[in-house]
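Colleague: Hey, dropping query.cif in here, mmCIF, C-alpha atoms:
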data_run
#
loop_
_atom_site.label_atom_id
_atom_site.label_comp_id
_atom_site.auth_asym_id
_atom_site.auth_seq_id
_atom_site.Cartn_x
_atom_site.Cartn_y
_atom_site.Cartn_z
CA MET A 1051 15.99 59.35 102.23
CA GLU A 1052 13.22 56.80 102.79
CA ALA A 1053 13.08 55.38 106.31
CA PHE A 1054 13.78 51.67 106.49
CA GLN A 1055 11.98 49.70 109.17
CA ARG A 1056 10.30 46.52 107.95
CA LEU A 1057 10.41 45.35 104.34
CA ASP A 1058 8.24 42.50 103.05
CA ALA A 1059 9.06 42.22 99.37
CA VAL A 1060 9.86 40.14 96.30
CA ALA A 1061 13.48 39.01 96.22
CA LEU A 1062 15.66 38.98 93.11
CA PRO A 1063 18.18 36.13 92.76
CA VAL A 1064 21.65 37.10 91.51
CA PRO A 1065 23.45 33.76 91.87
CA ARG A 1066 26.92 35.02 90.96
CA SER A 1067 29.97 36.00 92.95
CA ASN A 1068 31.99 39.18 92.34
CA VAL A 1069 29.20 41.27 90.81
CA ASP A 1070 31.15 44.51 90.48
CA THR A 1071 29.95 48.09 90.41
CA ASP A 1072 30.47 48.31 86.64
CA GLN A 1073 27.98 45.50 86.17
CA VAL A 1074 25.53 47.23 88.50
CA VAL A 1075 25.84 50.52 86.60
CA PRO A 1076 28.16 50.80 83.57
CA ALA A 1077 30.78 53.55 83.42
CA ARG A 1078 29.07 55.41 80.57
CA TYR A 1079 26.42 56.63 83.03
CA LEU A 1080 28.83 58.11 85.56
CA GLN A 1081 28.59 61.64 84.16
CA LYS A 1082 24.82 61.72 84.60
CA PRO A 1083 23.47 64.13 87.28
CA ARG A 1084 22.10 62.66 90.51
CA SER A 1085 18.69 64.02 89.53
CA ASP A 1086 18.50 61.35 86.81
CA ASP A 1087 16.61 58.14 87.53
CA PHE A 1088 19.60 55.83 87.91
CA GLY A 1089 17.21 52.90 88.23
CA ALA A 1090 16.90 53.04 84.44
CA TYR A 1091 20.61 52.19 84.22
CA LEU A 1092 20.61 49.30 86.69
CA PHE A 1093 22.36 46.21 85.25
CA SER A 1094 22.07 47.96 81.87
CA ASN A 1095 24.56 45.82 79.95
CA MET A 1096 22.77 42.64 80.99
CA ARG A 1097 19.25 43.99 81.13
CA PHE A 1098 19.12 45.46 77.62
CA ASP A 1099 20.29 44.36 74.18
CA LYS A 1100 22.36 46.66 71.97
CA ASP A 1101 19.23 48.00 70.28
CA GLY A 1102 17.83 49.06 73.65
CA SER A 1103 15.22 46.32 73.86
CA GLU A 1104 14.90 44.21 76.98
CA ASN A 1105 16.87 41.00 77.20
CA PRO A 1106 14.17 38.46 78.11
CA ASP A 1107 16.75 36.09 79.58
CA PHE A 1108 17.87 38.56 82.25
CA VAL A 1109 16.21 37.83 85.57
CA LEU A 1110 15.06 41.39 86.29
CA ASN A 1111 13.05 41.40 83.04
CA GLN A 1112 11.09 38.31 84.03
CA PRO A 1113 7.59 39.21 85.32
CA PRO A 1114 7.83 37.60 88.79
CA TYR A 1115 10.94 39.63 89.61
CA ARG A 1116 10.15 43.06 88.15
CA ALA A 1117 8.80 44.31 91.47
CA SER A 1118 11.83 43.13 93.44
CA ARG A 1119 12.97 45.30 96.35
CA ILE A 1120 15.51 42.86 97.79
CA VAL A 1121 18.54 41.35 96.04
CA VAL A 1122 20.06 38.05 97.13
CA ALA A 1123 23.55 37.55 95.71
CA GLN A 1124 26.68 35.54 96.26
CA ARG A 1125 30.05 36.63 97.64
CA ASN A 1126 31.73 39.99 97.12
CA PHE A 1127 28.73 41.89 95.76
CA GLY A 1128 29.61 45.47 94.81
CA CYS A 1129 33.33 44.91 94.40
CA GLY A 1130 35.42 46.94 91.96
CA SER A 1131 35.54 50.70 91.55
CA SER A 1132 34.19 52.93 94.31
CA ARG A 1133 31.24 54.40 92.42
CA GLU A 1134 28.35 55.61 94.55
CA HIS A 1135 26.28 55.44 91.35
CA ALA A 1136 25.90 51.67 91.83
CA VAL A 1137 24.01 52.27 95.05
CA TRP A 1138 21.96 55.02 93.41
CA ALA A 1139 20.94 52.63 90.61
CA LEU A 1140 19.74 49.98 93.04
CA TYR A 1141 17.98 52.51 95.26
CA ASP A 1142 16.30 54.36 92.39
CA TYR A 1143 15.01 51.10 90.94
CA GLY A 1144 13.38 50.39 94.30
CA ILE A 1145 15.86 47.98 95.86
CA ARG A 1146 16.15 48.60 99.60
CA ALA A 1147 18.23 45.64 100.78
CA VAL A 1148 20.95 43.39 99.38
CA ILE A 1149 21.71 40.07 101.08
CA ALA A 1150 25.05 38.41 100.42
CA PRO A 1151 27.84 36.56 102.28
CA SER A 1152 30.17 39.55 101.73
CA PHE A 1153 30.36 42.94 100.01
CA GLY A 1154 32.95 45.23 98.53
CA ASP A 1155 34.01 47.46 101.44
CA ILE A 1156 33.31 50.80 99.74
CA PHE A 1157 30.01 49.58 98.31
CA HIS A 1158 28.97 48.50 101.81
CA SER A 1159 29.81 51.95 103.21
CA ASN A 1160 28.12 53.80 100.33
CA SER A 1161 24.99 51.69 100.77
CA LEU A 1162 24.53 52.63 104.41
CA LYS A 1163 24.97 56.32 103.58
CA ASN A 1164 22.34 56.21 100.82
CA GLY A 1165 19.45 54.27 102.35
CA LEU A 1166 20.34 50.80 101.05
CA LEU A 1167 20.71 48.05 103.66
CA PRO A 1168 23.55 45.55 103.01
CA ILE A 1169 22.96 42.35 105.00
CA VAL A 1170 25.74 39.82 105.54
CA LEU A 1171 24.57 36.24 106.10
CA PRO A 1172 26.54 32.97 105.94
CA ASP A 1173 27.13 31.26 102.58
CA THR A 1174 24.86 28.36 103.47
CA THR A 1175 22.02 30.67 104.44
CA VAL A 1176 22.35 32.71 101.25
CA ALA A 1177 22.46 29.51 99.18
CA SER A 1178 19.20 28.41 100.81
CA LEU A 1179 17.57 31.78 100.12
CA LEU A 1180 18.69 31.66 96.49
CA ARG A 1181 17.23 28.18 96.03
CA GLN A 1182 13.91 29.24 97.50
CA ILE A 1183 13.47 32.39 95.42
CA GLN A 1184 14.56 30.62 92.22
CA ASP A 1185 12.28 27.64 92.83
CA ARG A 1186 9.30 29.90 93.57
CA PRO A 1187 9.71 33.10 91.54
CA GLY A 1188 8.00 36.06 93.13
CA VAL A 1189 8.12 34.86 96.73
CA HIS A 1190 8.80 37.37 99.49
CA ILE A 1191 11.57 37.79 102.01
CA VAL A 1192 10.95 39.88 105.13
CA VAL A 1193 13.66 42.15 106.53
CA ASP A 1194 13.05 43.66 109.97
CA LEU A 1195 15.75 46.21 110.67
CA ALA A 1196 14.70 46.98 114.24
CA ALA A 1197 14.88 43.29 115.15
CA GLN A 1198 17.84 42.72 112.80
CA THR A 1199 16.25 39.64 111.25
CA VAL A 1200 15.63 38.17 107.81
CA THR A 1201 12.70 35.80 107.39
CA ALA A 1202 12.98 33.40 104.45
CA PRO A 1203 10.05 32.25 102.29
CA ASP A 1204 10.04 28.94 104.21
CA GLY A 1205 9.59 30.81 107.51
CA ALA A 1206 13.13 30.37 108.82
CA THR A 1207 14.48 33.47 110.56
CA TYR A 1208 18.10 34.62 110.55
CA SER A 1209 19.81 37.37 112.54
CA PHE A 1210 22.23 39.88 111.06
CA GLN A 1211 24.59 42.49 112.46
CA ILE A 1212 24.66 46.24 111.85
CA ASP A 1213 26.38 49.05 113.75
CA ALA A 1214 24.15 51.21 115.92
CA PHE A 1215 24.71 54.53 114.11
CA PRO A 1216 23.83 53.46 110.54
CA LYS A 1217 20.95 51.42 111.92
CA GLN A 1218 19.47 54.48 113.61
CA CYS A 1219 19.98 56.61 110.49
CA LEU A 1220 18.21 54.03 108.32
CA LEU A 1221 15.34 53.60 110.77
CA GLU A 1222 14.78 57.36 110.82
CA GLY A 1223 15.48 57.98 107.13
CA MET A 1224 18.44 60.26 107.85
CA ASP A 1225 21.76 60.62 106.08
CA GLU A 1226 24.89 61.91 107.84
CA LEU A 1227 24.04 65.54 107.03
CA ASP A 1228 20.53 65.13 108.43
CA TYR A 1229 22.02 63.67 111.60
CA THR A 1230 24.46 66.57 111.92
CA LEU A 1231 21.58 69.03 111.61
CA THR A 1232 19.84 67.39 114.56
CA LEU A 1233 22.85 68.48 116.62
CA SER A 1234 22.74 72.12 115.49
CA ASP A 1235 21.72 73.46 118.93
CA ARG A 1236 24.55 71.59 120.63
CA ILE A 1237 27.03 72.75 117.98
CA ALA A 1238 25.91 76.37 118.38
CA ASP A 1239 26.23 76.09 122.17
CA PHE A 1240 29.75 74.69 121.80
CA GLU A 1241 30.71 77.52 119.45
CA ARG A 1242 29.38 80.13 121.92
CA ARG A 1243 31.30 78.60 124.81
CA HIS A 1244 34.45 78.32 122.70
CA ALA A 1245 34.18 81.97 121.63
CA THR A 1246 33.67 83.09 125.23
CA SER A 1247 36.62 81.05 126.41
CA ALA A 1248 38.85 82.45 123.66
CA ALA A 1249 37.79 86.03 124.47
CA GLN A 1250 38.65 85.54 128.13
CA GLY A 1251 42.04 84.48 126.95
#
Can you give me the file's structure in the form of structure tokens?
Modeller:
Amino acid sequence: MEAFQRLDAVALPVPRSNVDTDQVVPARYLQKPRSDDFGAYLFSNMRFDKDGSENPDFVLNQPPYRASRIVVAQRNFGCGSSREHAVWALYDYGIRAVIAPSFGDIFHSNSLKNGLLPIVLPDTTVASLLRQIQDRPGVHIVVDLAAQTVTAPDGATYSFQIDAFPKQCLLEGMDELDYTLTLSDRIADFERRHATSAAQG
């Protein structure tokens, strides 16, 4: 998993509420192996026409936004079914952070476990960010995870909250298994002491 520390990147406007996981990655791709590039399936129903050609009206196909690594969306992003594939699609495309006033609970949890940073900011702040990145396509937003700040294109800085454990995992590029492996010596010591205690009866 790629470590997340400071991201200075193009932001993609998704000015809609209730973007569900089926919109992020349609159900027909759910049987694909994780080794696939799920970024190719991101927003597939909106991004491509039925013949497989790009839909020029979809924002991600517009040149200023193709290199986006941050999504700015409205309320309840990632709602709907609990498919981890939605996070994989965003991550594999290159998206590393999603900013919204709220998220689907399971999507939020899946994001933190897979290297994608979900940032909750107030509605008014998100509305301002959306206006700025739509008015000036291709502008950057800066996310500093260590400082827990988002810097808008106009220079305004906003703080966000994140629990200590997922923050540390993201900063170090570790998932939960990686973290557990860092404790292997302590686990082995516990097992030895437990075995000795049990033997002594």
Colleague: Apply the PyMOL selection byres ((chain A and resi 1176) around 10) to the file shown and report the selected residues as a JSON list (two decimals) with C-alpha atoms, in the frame of the given file.
Modeller:
[["chain", "number", "residue", "atom", "x", "y", "z"],
["A", 1065, "PRO", "CA", 23.45, 33.76, 91.87],
["A", 1122, "VAL", "CA", 20.06, 38.05, 97.13],
["A", 1123, "ALA", "CA", 23.55, 37.55, 95.71],
["A", 1124, "GLN", "CA", 26.68, 35.54, 96.26],
["A", 1125, "ARG", "CA", 30.05, 36.63, 97.64],
["A", 1149, "ILE", "CA", 21.71, 40.07, 101.08],
["A", 1150, "ALA", "CA", 25.05, 38.41, 100.42],
["A", 1151, "PRO", "CA", 27.84, 36.56, 102.28],
["A", 1170, "VAL", "CA", 25.74, 39.82, 105.54],
["A", 1171, "LEU", "CA", 24.57, 36.24, 106.10],
["A", 1172, "PRO", "CA", 26.54, 32.97, 105.94],
["A", 1173, "ASP", "CA", 27.13, 31.26, 102.58],
["A", 1174, "THR", "CA", 24.86, 28.36, 103.47],
["A", 1175, "THR", "CA", 22.02, 30.67, 104.44],
["A", 1177, "ALA", "CA", 22.46, 29.51, 99.18],
["A", 1178, "SER", "CA", 19.20, 28.41, 100.81],
["A", 1179, "LEU", "CA", 17.57, 31.78, 100.12],
["A", 1180, "LEU", "CA", 18.69, 31.66, 96.49],
["A", 1181, "ARG", "CA", 17.23, 28.18, 96.03],
["A", 1182, "GLN", "CA", 13.91, 29.24, 97.50],
["A", 1202, "ALA", "CA", 12.98, 33.40, 104.45]]
Colleague: Counting all atoms listed in the file, which residue out of A:Ala1139, A:Ala1061, A:Ser1131, A:Ala1117 sits closest to Tyr1079 (chain A)?
Modeller: A:Ala1139
Colleague: With distances taken over only C-alpha atoms, which of A:Gln1218, A:Thr1071, A:Ser1152, A:Ser1161 is nearest to Phe1054 (chain A)?
Modeller: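 For Phe1054 (chain A), the nearest of the candidates is A:Gln1218.
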Colleague: Pick from A:Asp1058, A:Asp1072, A:Asp1185, A:Glu1052: nearest to Thr1199 (chain A), with all atoms listed in the file counted?
Modeller: A:Asp1058
Colleague: For CA of Gln1184 (chain A) and CA of Arg1056 (chain A), quote the distance in Å rounded to one decimal.
Modeller: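 Atom-to-atom, CA of Gln1184 (chain A) to CA of Arg1056 (chain A), that is 22.8 Å.
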Colleague: Any idea what the distance is between CA of Pro1114 (chain A) and CA of Val1200 (chain A)?
Modeller: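 Taking CA of Pro1114 (chain A) as the start and CA of Val1200 (chain A) as the end point, the length is 20.6 Å.
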Colleague: Would you please work out which residue, of A:Phe1215, A:Phe1127, A:Phe1098, A:Tyr1091, is nearest to Leu1140 (chain A) when using all atoms listed in the file?
Modeller: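 With all atoms listed in the file as the atom set, the closest residue is A:Tyr1091.
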Colleague: Please identify all polymer residues lying at most 9 Å from the point (19.1, 36.8, 112.5) (file coordinates), using all atoms listed in the file, and present the result as a PyMOL selection string.
Modeller: chain A and resi 1171+1197-1201+1207-1211
Colleague: For the structure shown, which residues end up in the PyMOL selection byres ((chain A and resi 1092) around 12)? Put them as a ChimeraX atom specification, please?
Modeller: /A:1071-1077,1079,1087-1091,1093-1098,1108,1110-1111,1135-1145
Colleague: If the PyMOL selection byres ((chain A and resi 1165) around 9) were run on this exact file, what residues would it hold? Put them as a ChimeraX atom specification.
Modeller: /A:1051-1054,1137,1141,1146-1147,1160-1164,1166-1167,1219-1220,1223-1225
Colleague: Figure out the distance between CA of Ala1059 (chain A) and CA of Asn1126 (chain A), please, to one decimal in Å.
Modeller: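 Result for CA of Asn1126 (chain A) versus CA of Ala1059 (chain A): 22.9 Å, one decimal.
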